[in-house]
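Here the structure comes first, spelled out in structure tokens, and everything after it is commentary.
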Amino acid sequence: MYITLLLSLIITIIIIYFFASIIRYHRRYMKLQREKIFAEITIRENERKRIAADLHDSLGPLLSAVKLNISNVDIEHPGDKALLEKTAGHLDEIIGSMRRISHDLLPNTLERNGLLEAIREFIGQVNVKQGLNIQLYIVKEIQVPKEKEIHIFRMIQEIVHNTLKHAQAGNLQIGFSEEGGHLLCLTKDDGKGFDKEKVLAASQGLGLRSLESRCEILNGILSLDSMPGAGTNYFIKIPVTP
């Protein structure tokens with residue numbers, strides 16, 4: 001009897017140790033995955049920042065100087081003058097496109113004035129250029145650490161782009177608040193919605209992986225609610241205080 005009890009105890013200990021090892025391995029694996037995702041996103045953002053700086057500080061002034069030189073050329077022949085004016089117009093388009101690309105890579109407003117102002121500016125641009133009415137509500141002002149601002153901004157960009165590309169929505173509401181040291185963000189559109197389970201299972205290109213990855217590295221929570229004909233809601237909760 002004692003031998004049976006001893007064997008049972010040994011087997012129980014082995015089973016407990018086995019499951020504990022699995023749990024430890026899983027936690028270690030998830031930590032490594034999180035660190036890998038964070039490193040990849042950080043490298044990507046640093047590269048975007050470098051390219052934006054190069055466009056703004058090097059290529060932009062160079063193109064402006066070329067345009068100035070062209071404007072100072074004195075040409076009397078009407079044909080040559082028209083060609084020069086056309087070239088100057090092309091340069092204006094290139095400079096404008098370059099500024100837009102630089103801004104998309106890294107909005108200056110985010111660096112200067114913080115997250116909420118950058119989101120306001122981004123939404124204003126979308127409202128002007130796209131057929132989507134976006135309303136922004138700030139229930140409570142939020143202080144967000146600088147290192148987290150770019151990730152939250154990219155998440156809002158991704159949600160807006162998803163709405164524009166897939167939702168066929170006319171309106172998108174975005175609300176921000178703060179509660180218990182956490183940033184809260186709720187978005188709601190009036191689009192066609194989708195079958196969440198099918199989309200997640202198929203991993204279709206709605207940018208969900210990007211949203212999940214950024215939320216995960218910020219130790220946040222992302223919740224998605226959607227169904228055909230009922231629009232799409234995102235809820236994001238991210239800690240913003242130490």
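Ordering of the structure tokens sets the chain letters (A, B, ...); residue numbers start at 1 within each chain; ligands are numbered from 1 in the order shown.
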
If you run DSSP over the backbone, which residues in segment 107-227 of chain A end up alpha helix (DSSP H)? Put them as a VMD selection string.
chain A and resid 108 to 113 115 to 129 146 to 162 196 to 202 208 to 217

Which neighbours of Ala167 of chain A fall inside 8 Å, counting only C-alpha atoms, when residues of the same chain fewer than 4 positions from it are skipped, and could you give them as a PyMOL selection string?
chain A and resi 162-163+189+191-193+231-232

Just the number, please: distance in Å from atom CA of Glu212 of chain A to atom CA of Glu117 of chain A, one decimal.
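Result for atom CA of Glu212 of chain A versus atom CA of Glu117 of chain A: 23.8 Å, one decimal.
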
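Atom CA of Leu136 of chain A sits 18.5 Å away from atom CA of His182 of chain A.
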
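Between Leu208 of chain A and the residues A:Ala169, A:Pro228, A:Ile156, A:Glu147, the shortest atom-to-atom distance, using only C-alpha atoms, involves A:Ile156.
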
Option closest in space to Glu93 of chain A, from A:Thr42, A:Gln157, A:Ser64, A:Asn69 [counting only C-alpha atoms]:
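That would be A:Ser64, the residue with the smallest distance to Glu93 of chain A.
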
Interatomic distance, atom CA of Met98 of chain A to atom CA of Leu59 of chain A (Å, one decimal):
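Separation of atom CA of Met98 of chain A and atom CA of Leu59 of chain A: 8.5 Å.
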
Using only C-alpha atoms, I'd like a table of the residues in segment 162-190 of chain A that come within 6 Å of segment 237-242 of chain A; for each, show the closest atom pair and its distance in Å rounded to one decimal, ordered by chain and ascending number, as JSON lines.
{"residue": "A:Gly181", "atom": "CA", "partner": "A:Thr241", "partner_atom": "CA", "distance": 5.3}
{"residue": "A:His182", "atom": "CA", "partner": "A:Pro239", "partner_atom": "CA", "distance": 4.2}
{"residue": "A:Leu183", "atom": "CA", "partner": "A:Ile238", "partner_atom": "CA", "distance": 5.1}
{"residue": "A:Leu184", "atom": "CA", "partner": "A:Lys237", "partner_atom": "CA", "distance": 4.8}

For Leu110 of chain A, which residue out of A:Asp225, A:Lys49, A:Gln130, A:Gln135 is the nearest one, using only C-alpha atoms?
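For Leu110 of chain A, the nearest of the given residues is A:Lys49.
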
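Considering only C-alpha atoms, the residue among A:Arg154, A:Arg112, A:Lys196, A:Arg100 positioned nearest to Gln125 of chain A is A:Arg100.
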
With distances taken over only C-alpha atoms, which of A:Ser102, A:Thr109, A:Asn233, A:Thr12 is nearest to Phe153 of chain A?
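Nearest to Phe153 of chain A: A:Thr109.
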
Got a sec: who's within 9 Å of Leu91 of chain A, counting only C-alpha atoms, leaving out chain neighbours fewer than 6 positions off, as a list of chain:residue names?
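Near neighbours after the sequence-gap exclusion: A:Leu63, A:Ser64, A:Val66, A:Lys67.
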
Every residue of segment 51-227 of chain A that DSSP places in strand (DSSP E), as a PyMOL selection string:
chain A and resi 133-138+171-179+182-189+221-226
